[in-house]
Structure formats: C-alpha cells, structure tokens
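Visitor: The structure's right below; bear with me while I get my questions together.
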Amino acid sequence: MAQQLQAAHGSVVTLRFYEGFWKVQGIGLIVMAGSSFFPPLYHWQEYGFFTLLTLAVGVVIGMRSSPWVRTPVDLPLGCFLGWVLCTVPFSTDVGYSLAEWRKFVAHAVVFYWALLVFREQGGERLARRVLAAVAVGSAVLSLYALADFFGRGGNWRDRFVRAVALRSDYNWLSTYMVLSIPVLVGLLVTERQWIARLGTGAALVGSVLAQIASYGRAGWLGHAAQGLAMAFLAERRRHILLVVGLIAALTASLFLLSRVGFQTDTVDRWTFMSRISVWKLGLQDIKEHPIVGIGYGNNTFIKRHPEYAADVQNRYPERERVPPSMHNAFLMVTLGSGIPALVGFCWLFIRLIRLLSSRLHDLATAPSTVLALSIAMAVVGFGVRNLFDYMFMGSLSHLFWILVATGTVLRHPSLLAEGGAKGDADGVPDHQEVRL
C-alpha cells in the first residue's frame, strides 16, 4: 500500500499522512476493543466510532479505493437486514422497530470498519494487538467483578449475591466472559513470551472465576457448547465422550451439592419455567404472524401485550408471572420479523462459524488459525447465550463484531485484498506451527 501511494501521489508528506492516519485508526480499533467491556463507555464508543468511520471512508475514497471489504458474511447479513427492513411497516410500533433495525445496522458496520482498518494498517500484527486489548479488558472487568462480588458479601454457597459488570448486571458479565474466555485460551496457547503467557493465564483464571461468580447458567451452557464444538472439530470420538462426561459430572455435582444446602437456587427451575411461559405466548403470536412478525425489537412483545408489564403484573400477584420480553434472541427475531428473519439470523451464525473454524486433524496448526478458531468458539458460545436472553446489543455487539473481524483477518488474510472474497476460502498461509 505504501508503494502504491507513493506511485500515485509522489509525495513523502502525503505518504506519511496516510501512514499516520491509519495508525490512528488502528489505535482506535484497539481502544474500542478494550473499552467494550465497560457498558458506561458505550455512547463514547459510538461517538468515536462514527468519527473514525467517517474519516476512514473519506480518506479511502480520496485514495480512489473501495471502503468495502467483501466477505462471505455479506450475503446472509444483507438478506437478514433487508428482510427485517421490509417487515418494519407491519410492526406494532413502526418507529421503535426502525430504530432497533438501525442499531443492528450500525453495529454490523463496526465489522466492515474493522476490516477496512486491518486492510490499510496491516493484518496479523494489528489483530494480535486487538486480541491483547480484549485480554486486558477482560482481566480488568473480572477483577472489578470479583472485588465487587466479595465486597457485597458474595460467596460460593448460594447465588443471592452475584458478580456483575460495571453499572450493569450478571447477564452482561456472563456474556462478556463467554466471548473472552475462548480468546484468552487461544492467546495462552499461541504466546511465545513467558511474561505474556503469565499475564494471559492470570487473566484467564480471573475471567473463569468471574464467570462462576456470575452464577449465569446460560453462560455455563455457552461454555459447554464451546467444549462440544471443539470436540467435534477434533473429529475424535474419545474427545467428544470426554467433554460429554465432564459436562455430565459437573452437572451431577451441582445437583448433589444442592442436596446439602449449596447452590439450591442455582438448580431451581423457576427462571427456566418463567421463560417457558413467555416463549409459549411468543409462539402463539408467531403462529398468527409467521411471515412478517409483529415488529423487530426486544420490547415489541410488551408493546403488543402491555398486560404483562411489570407494574401491571404487580397488581395481580395471584396471576402467573411472565417476563416482559422473549428472553431468547432467536425467538425475538422470529416474533418480530417472521420465520424468514430467523432463517437469515441462523444463516449468519452458521456462516460466521464456518468462516472462522477449522478442523483439528492432528492438533497442530498455525497460531493465526488457532486464534481464529478460538473466536469461532466465542461465536458458538454467544449464540447459545442468546438462546436465553437477547444480548446482541450495546458494547457487547461491538465486541462481537470486532472479534469476528479479527478472526476473519487471521483465518483468511487474502480477504484483505480488494475483491478478496472470491479467493480461496480455505487458504491459510503456513506460519509457524504450534502444538495444542
């Protein structure tokens, strides 16, 4: 790129400007990745992102280049967004659904902006720095969560006090850990310097403890799905049996502990049954509106059924309690925009996992592939986590798309060339091998 700029503009000053500009963009990407772990910074993230995006697109157009990096994700993402937009006029609240659609579009643009920065600033080196920022963000968040947890009297006997994210709740903390723990494992495996390994290992231990202290069963299920996915990719029956056996043993241990007074609320079914009750109501609406739904957005359900608002339900304590939202991203999408939207949403997740993952024939692969695979596992866990709550929002969505872009660059560096989406989808350069 530097040689192309020098040939095109013939000015050392212009060349240095472009190099400095994209370094600033790279720093912005790193900062955004690390700050995504702190929900109070979300609006500052938005301001910074749109500023960097506008400048980046302007500079790229000025360079007579395309700001769009083509990927295999374009088609499923475009189909999903296009269909949801088509269903907005049929919404219960058109203004709200259109606003929610715009939010999803804005978050998805983070993916393409990150790819553009990778293309102009360099691939693997910047990708590892972004993942290092993720590790630091996860470590700081887990340290805060654990300190706050014990400071409020939290313990390992029950979950009446739960670890939470900064100015947020345990659901957010659990989802952050679902996304970051696989990345930390990948960094730990591929790091060569002992200091970096020590720091990554400490961050991993803290993140695991924070995940446990969040007492988020959906998060634990996300990690179980990640373990099963890795076992299937290994294509070895004993690995699958080992993971299944470990999950069964941990589940049995938790139920046995509940018999002697430990974590009795954790194994209580009341939260799951409350989800079942709202899922049944949602499925009834889906049956009546299977094609265009009733309006995209997590709050559409309560807009259509105001009788299930919390203040209304408090007036009738004898009536069955029903959560005021779907508590399932996939059902929320289906309820909001119909079955075609669900197909597009699932297609998006499947395409992302296939794009980032690779089979572990002999468990020896390039470090970049290992890191991309760890991000694929983060996508798997994030998908399972969204089966029990809608977590595709805010800074969590920013973090998700930045990780996906980073994994795409590591797994398929050829995509950074203009028109690279037509290249070899499975082609990964042979770098230094690492034994898992």
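Just so we're on the same page: first chain in the structure tokens is A, next is B, and so on; residues restart at 1 for each chain, and ligands are numbered from 1 in the order they show up.
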Among range 112-326 of chain A, which ones does DSSP place in helix (DSSP H, G or I), written as a PyMOL selection string?

Guide: chain A and resi 112-121+124-151+170-190+194-214+217-234+237-259+270-288+300-304+306-308+310-314

Visitor: Could you write out the selected residues, including C-alpha atoms, as a compact mmCIF listing (two decimals), in the first residue's frame?

Guide:
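Result saved to out_8.txt:
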# COMPACT_ATOMS: atom_id res chain seq x y z
CA TYR A 112 -16.70 -3.64 7.99
CA TRP A 113 -14.87 -0.68 9.52
CA ALA A 114 -12.59 -3.05 11.43
CA LEU A 115 -11.87 -5.00 8.23
CA LEU A 116 -11.05 -1.73 6.44
CA VAL A 117 -8.60 -0.75 9.18
CA PHE A 118 -6.99 -4.18 9.02
CA ARG A 119 -6.67 -3.87 5.26
CA GLU A 120 -4.95 -0.49 5.41
CA GLN A 121 -2.95 -0.88 8.61
CA GLU A 124 -1.95 -10.22 11.83
CA ARG A 125 0.14 -7.82 13.91
CA LEU A 126 -2.79 -5.45 14.49
CA ALA A 127 -5.11 -8.43 15.05
CA ARG A 128 -2.95 -9.71 17.89
CA ARG A 129 -2.90 -6.24 19.45
CA VAL A 130 -6.69 -6.12 19.28
CA LEU A 131 -6.87 -9.51 20.99
CA ALA A 132 -4.38 -8.30 23.60
CA ALA A 133 -6.75 -5.38 24.29
CA VAL A 134 -9.57 -7.90 24.68
CA ALA A 135 -7.45 -9.80 27.20
CA VAL A 136 -6.72 -6.62 29.18
CA GLY A 137 -10.37 -5.56 29.12
CA SER A 138 -11.49 -8.98 30.28
CA ALA A 139 -8.89 -9.00 33.08
CA VAL A 140 -9.89 -5.56 34.37
CA LEU A 141 -13.59 -6.38 34.22
CA SER A 142 -13.18 -9.71 36.00
CA LEU A 143 -11.03 -8.05 38.71
CA TYR A 144 -13.71 -5.42 39.26
CA ALA A 145 -16.50 -8.03 39.25
CA LEU A 146 -14.78 -10.25 41.80
CA ALA A 147 -13.85 -7.36 44.09
CA ASP A 148 -17.43 -6.08 43.96
CA PHE A 149 -18.81 -9.59 44.43
CA PHE A 150 -16.92 -10.27 47.65
CA GLY A 151 -17.38 -6.68 48.80
CA TYR A 170 -24.71 -10.56 35.81
CA ASN A 171 -26.15 -11.33 32.38
CA TRP A 172 -23.76 -8.87 30.78
CA LEU A 173 -20.79 -10.13 32.80
CA SER A 174 -21.57 -13.73 31.89
CA THR A 175 -21.81 -12.86 28.19
CA TYR A 176 -18.55 -10.92 28.26
CA MET A 177 -16.84 -13.99 29.70
CA VAL A 178 -18.42 -16.27 27.08
CA LEU A 179 -16.82 -14.11 24.41
CA SER A 180 -13.45 -13.54 26.06
CA ILE A 181 -12.52 -16.85 27.71
CA PRO A 182 -12.01 -18.75 24.40
CA VAL A 183 -9.88 -15.85 23.14
CA LEU A 184 -7.76 -15.98 26.29
CA VAL A 185 -7.26 -19.71 25.81
CA GLY A 186 -6.16 -19.11 22.22
CA LEU A 187 -3.71 -16.40 23.28
CA LEU A 188 -2.33 -18.60 26.04
CA VAL A 189 -1.67 -21.43 23.58
CA THR A 190 -0.04 -19.27 20.93
CA TRP A 194 6.65 -16.23 29.20
CA ILE A 195 5.61 -12.81 30.56
CA ALA A 196 2.74 -12.61 28.08
CA ARG A 197 1.73 -16.18 28.91
CA LEU A 198 1.79 -15.39 32.62
CA GLY A 199 -0.39 -12.31 32.15
CA THR A 200 -2.79 -14.15 29.85
CA GLY A 201 -3.00 -17.06 32.28
CA ALA A 202 -3.82 -14.70 35.16
CA ALA A 203 -6.50 -13.01 33.03
CA LEU A 204 -7.94 -16.43 32.15
CA VAL A 205 -8.12 -17.52 35.79
CA GLY A 206 -9.78 -14.26 36.80
CA SER A 207 -12.28 -14.49 33.94
CA VAL A 208 -13.22 -18.07 34.80
CA LEU A 209 -13.76 -17.12 38.46
CA ALA A 210 -15.87 -14.12 37.39
CA GLN A 211 -17.93 -16.38 35.15
CA ILE A 212 -18.53 -18.78 38.03
CA ALA A 213 -19.38 -15.92 40.42
CA SER A 214 -21.93 -14.52 37.94
CA ARG A 217 -26.35 -20.88 33.90
CA ALA A 218 -26.81 -19.71 30.30
CA GLY A 219 -23.16 -18.65 30.28
CA TRP A 220 -22.12 -22.04 31.60
CA LEU A 221 -24.16 -23.67 28.84
CA GLY A 222 -22.34 -21.44 26.35
CA HIS A 223 -19.00 -22.81 27.54
CA ALA A 224 -20.37 -26.37 27.39
CA ALA A 225 -21.34 -25.76 23.75
CA GLN A 226 -17.86 -24.41 23.06
CA GLY A 227 -16.32 -27.56 24.53
CA LEU A 228 -18.57 -29.80 22.46
CA ALA A 229 -17.83 -27.81 19.30
CA MET A 230 -14.09 -28.19 19.86
CA ALA A 231 -14.53 -31.91 20.45
CA PHE A 232 -16.45 -32.32 17.18
CA LEU A 233 -13.85 -30.32 15.27
CA ALA A 234 -11.18 -32.62 16.64
CA ARG A 237 -14.76 -39.87 19.43
CA ARG A 238 -12.87 -40.03 22.70
CA HIS A 239 -12.70 -36.23 22.86
CA ILE A 240 -16.46 -35.98 22.41
CA LEU A 241 -17.05 -38.60 25.09
CA LEU A 242 -14.60 -36.85 27.42
CA VAL A 243 -16.36 -33.49 27.07
CA VAL A 244 -19.82 -35.04 27.45
CA GLY A 245 -18.64 -36.94 30.51
CA LEU A 246 -17.12 -33.82 32.05
CA ILE A 247 -20.32 -31.82 31.49
CA ALA A 248 -22.41 -34.62 32.99
CA ALA A 249 -20.09 -34.89 36.01
CA LEU A 250 -20.20 -31.15 36.68
CA THR A 251 -23.98 -31.09 36.35
CA ALA A 252 -24.39 -34.07 38.67
CA SER A 253 -22.01 -32.49 41.20
CA LEU A 254 -24.05 -29.29 41.22
CA PHE A 255 -27.27 -31.19 41.90
CA LEU A 256 -25.61 -33.24 44.63
CA LEU A 257 -24.29 -30.08 46.29
CA SER A 258 -27.79 -28.61 46.23
CA ARG A 259 -28.95 -31.56 48.34
CA TRP A 270 -38.32 -21.21 38.34
CA THR A 271 -36.35 -18.94 35.98
CA PHE A 272 -36.45 -21.54 33.23
CA MET A 273 -40.17 -22.13 33.71
CA SER A 274 -40.84 -18.39 33.53
CA ARG A 275 -39.04 -18.35 30.18
CA ILE A 276 -41.16 -21.27 29.03
CA SER A 277 -44.29 -19.27 29.85
CA VAL A 278 -43.26 -16.27 27.74
CA TRP A 279 -41.95 -18.50 24.93
CA LYS A 280 -45.41 -20.10 24.69
CA LEU A 281 -47.01 -16.68 24.34
CA GLY A 282 -44.44 -15.70 21.73
CA LEU A 283 -45.04 -18.87 19.73
CA GLN A 284 -48.75 -18.10 19.63
CA ASP A 285 -48.02 -14.71 18.07
CA ILE A 286 -45.56 -16.31 15.64
CA LYS A 287 -48.27 -18.75 14.59
CA GLU A 288 -50.58 -15.82 13.83
CA THR A 300 -42.06 -5.32 20.90
CA PHE A 301 -43.63 -8.12 22.94
CA ILE A 302 -44.54 -5.82 25.82
CA LYS A 303 -45.77 -3.16 23.37
CA ARG A 304 -48.19 -5.70 21.93
CA PRO A 306 -49.00 -4.36 27.85
CA GLU A 307 -50.86 -6.54 30.32
CA TYR A 308 -47.55 -8.29 31.03
CA ALA A 310 -44.10 -5.39 35.43
CA ASP A 311 -46.24 -2.69 37.06
CA VAL A 312 -49.43 -4.29 35.73
CA GLN A 313 -48.42 -7.78 36.89
CA ASN A 314 -47.68 -6.42 40.37

Visitor: Give me the residues near range 98-108 of chain A as a ChimeraX atom specification, where near means some atom within 10 Å (using only C-alpha atoms) and where sequence neighbours in that chain fewer than 3 positions away do not count.

Guide: /A:46,49-50,77-78,81-82,84-85,87-89,91,93-95,111-113,295-299,392-402

Visitor: Would you mind exporting N, CA and C atoms of the selected residues as a tab-separated table (two decimals), in the first residue's frame?

Guide:
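result_33.tsv, freshly written:
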chain	number	residue	atom	x	y	z
A	46	GLU	N	-19.62	5.01	20.58
A	46	GLU	CA	-20.38	5.36	19.37
A	46	GLU	C	-19.85	6.63	18.73
A	49	PHE	N	-16.48	5.90	17.23
A	49	PHE	CA	-16.58	5.01	16.07
A	49	PHE	C	-17.06	5.76	14.83
A	50	PHE	N	-18.15	6.51	14.96
A	50	PHE	CA	-18.69	7.20	13.78
A	50	PHE	C	-17.73	8.28	13.27
A	77	LEU	N	-25.88	-11.62	5.96
A	77	LEU	CA	-26.13	-10.40	6.72
A	77	LEU	C	-27.05	-9.47	5.94
A	78	GLY	N	-26.78	-9.32	4.65
A	78	GLY	CA	-27.63	-8.46	3.82
A	78	GLY	C	-29.05	-8.97	3.71
A	81	LEU	N	-30.82	-8.29	7.17
A	81	LEU	CA	-31.16	-6.88	7.36
A	81	LEU	C	-32.22	-6.41	6.37
A	82	GLY	N	-32.12	-6.88	5.13
A	82	GLY	CA	-33.10	-6.50	4.12
A	82	GLY	C	-34.50	-6.96	4.45
A	84	VAL	N	-35.70	-7.80	7.49
A	84	VAL	CA	-36.21	-7.10	8.68
A	84	VAL	C	-36.72	-5.72	8.29
A	85	LEU	N	-36.00	-5.02	7.42
A	85	LEU	CA	-36.44	-3.69	6.98
A	85	LEU	C	-37.79	-3.78	6.26
A	87	THR	N	-40.14	-5.79	6.87
A	87	THR	CA	-41.23	-6.09	7.80
A	87	THR	C	-41.55	-4.93	8.73
A	88	VAL	N	-40.71	-3.90	8.75
A	88	VAL	CA	-40.92	-2.77	9.66
A	88	VAL	C	-42.29	-2.13	9.48
A	89	PRO	N	-42.80	-1.92	8.25
A	89	PRO	CA	-44.13	-1.29	8.11
A	89	PRO	C	-45.26	-2.07	8.76
A	91	SER	N	-45.08	-3.44	11.74
A	91	SER	CA	-44.77	-3.51	13.16
A	91	SER	C	-45.87	-2.93	14.03
A	93	ASP	N	-45.12	-1.08	16.57
A	93	ASP	CA	-44.61	0.28	16.74
A	93	ASP	C	-43.54	0.48	15.67
A	94	VAL	N	-43.90	1.12	14.57
A	94	VAL	CA	-43.02	1.25	13.42
A	94	VAL	C	-41.75	2.03	13.78
A	95	GLY	N	-41.92	3.13	14.52
A	95	GLY	CA	-40.77	3.94	14.88
A	95	GLY	C	-39.76	3.18	15.72
A	111	PHE	N	-18.07	-4.14	11.99
A	111	PHE	CA	-17.38	-5.27	11.36
A	111	PHE	C	-16.63	-4.81	10.11
A	112	TYR	N	-17.31	-4.06	9.25
A	112	TYR	CA	-16.70	-3.64	7.99
A	112	TYR	C	-15.65	-2.54	8.21
A	113	TRP	N	-15.89	-1.68	9.19
A	113	TRP	CA	-14.87	-0.68	9.52
A	113	TRP	C	-13.60	-1.35	10.02
A	295	GLY	N	-43.11	-6.94	14.72
A	295	GLY	CA	-42.24	-5.78	14.91
A	295	GLY	C	-40.90	-6.16	15.51
A	296	TYR	N	-39.82	-5.76	14.84
A	296	TYR	CA	-38.47	-6.11	15.30
A	296	TYR	C	-38.11	-5.31	16.56
A	297	GLY	N	-37.48	-5.98	17.51
A	297	GLY	CA	-37.04	-5.31	18.73
A	297	GLY	C	-37.40	-6.10	19.98
A	298	ASN	N	-36.54	-6.00	20.99
A	298	ASN	CA	-36.73	-6.78	22.21
A	298	ASN	C	-37.95	-6.35	23.00
A	299	ASN	N	-38.38	-5.09	22.85
A	299	ASN	CA	-39.52	-4.59	23.62
A	299	ASN	C	-40.84	-4.67	22.87
A	392	PHE	N	-27.55	-9.32	22.02
A	392	PHE	CA	-26.94	-8.78	20.79
A	392	PHE	C	-27.14	-7.26	20.78
A	393	MET	N	-26.57	-6.57	21.76
A	393	MET	CA	-26.84	-5.14	21.88
A	393	MET	C	-25.66	-4.42	22.53
A	394	GLY	N	-25.65	-3.10	22.35
A	394	GLY	CA	-24.69	-2.25	23.03
A	394	GLY	C	-23.24	-2.61	22.77
A	395	SER	N	-22.43	-2.43	23.78
A	395	SER	CA	-21.00	-2.70	23.67
A	395	SER	C	-20.71	-4.19	23.49
A	396	LEU	N	-21.63	-5.05	23.90
A	396	LEU	CA	-21.47	-6.47	23.64
A	396	LEU	C	-21.47	-6.75	22.14
A	397	SER	N	-22.36	-6.07	21.43
A	397	SER	CA	-22.42	-6.24	19.98
A	397	SER	C	-21.16	-5.68	19.33
A	398	HIS	N	-20.67	-4.54	19.82
A	398	HIS	CA	-19.40	-4.00	19.31
A	398	HIS	C	-18.28	-5.02	19.46
A	399	LEU	N	-18.17	-5.60	20.67
A	399	LEU	CA	-17.12	-6.57	20.93
A	399	LEU	C	-17.26	-7.78	20.02
A	400	PHE	N	-18.48	-8.25	19.84
A	400	PHE	CA	-18.73	-9.41	18.99
A	400	PHE	C	-18.24	-9.16	17.56
A	401	TRP	N	-18.62	-8.03	16.98
A	401	TRP	CA	-18.25	-7.76	15.59
A	401	TRP	C	-16.76	-7.50	15.43
A	402	ILE	N	-16.14	-6.88	16.43
A	402	ILE	CA	-14.68	-6.67	16.36
A	402	ILE	C	-13.96	-8.01	16.40

Visitor: Just the residues within 12 Å of range 68-71 of chain A, please, counting only C-alpha atoms, with nothing from its chain fewer than 3 positions along; format it as a VMD selection string.

Guide: chain A and resid 53 56 to 57 60 to 61 65 74 to 78 109 to 120 351 to 352 355 to 356 404 to 405 408 to 409 412 to 425

Visitor: For a test of reading the model, state the distance in Å between CA of Ala329 in chain A and CA of Asp389 in chain A, rounded to one decimal.

Guide: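 Between CA of Ala329 in chain A and CA of Asp389 in chain A the gap works out to 6.2 Å.
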
Visitor: Interatomic distance between CA of Arg411 in chain A and CA of Ser368 in chain A?

Guide: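 Straight-line distance from CA of Arg411 in chain A to CA of Ser368 in chain A works out to 6.5 Å.
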
Visitor: How far is it from CA of His327 in chain A to CA of Tyr390 in chain A, in Å with one decimal?

Guide: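 A separation of 5.8 Å between them.
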
Visitor: Which of these, A:Gly122, A:Pro290, A:Pro324, A:Pro40, has the shortest distance to Ser337 in chain A once you count only C-alpha atoms?

Guide: A:Pro290
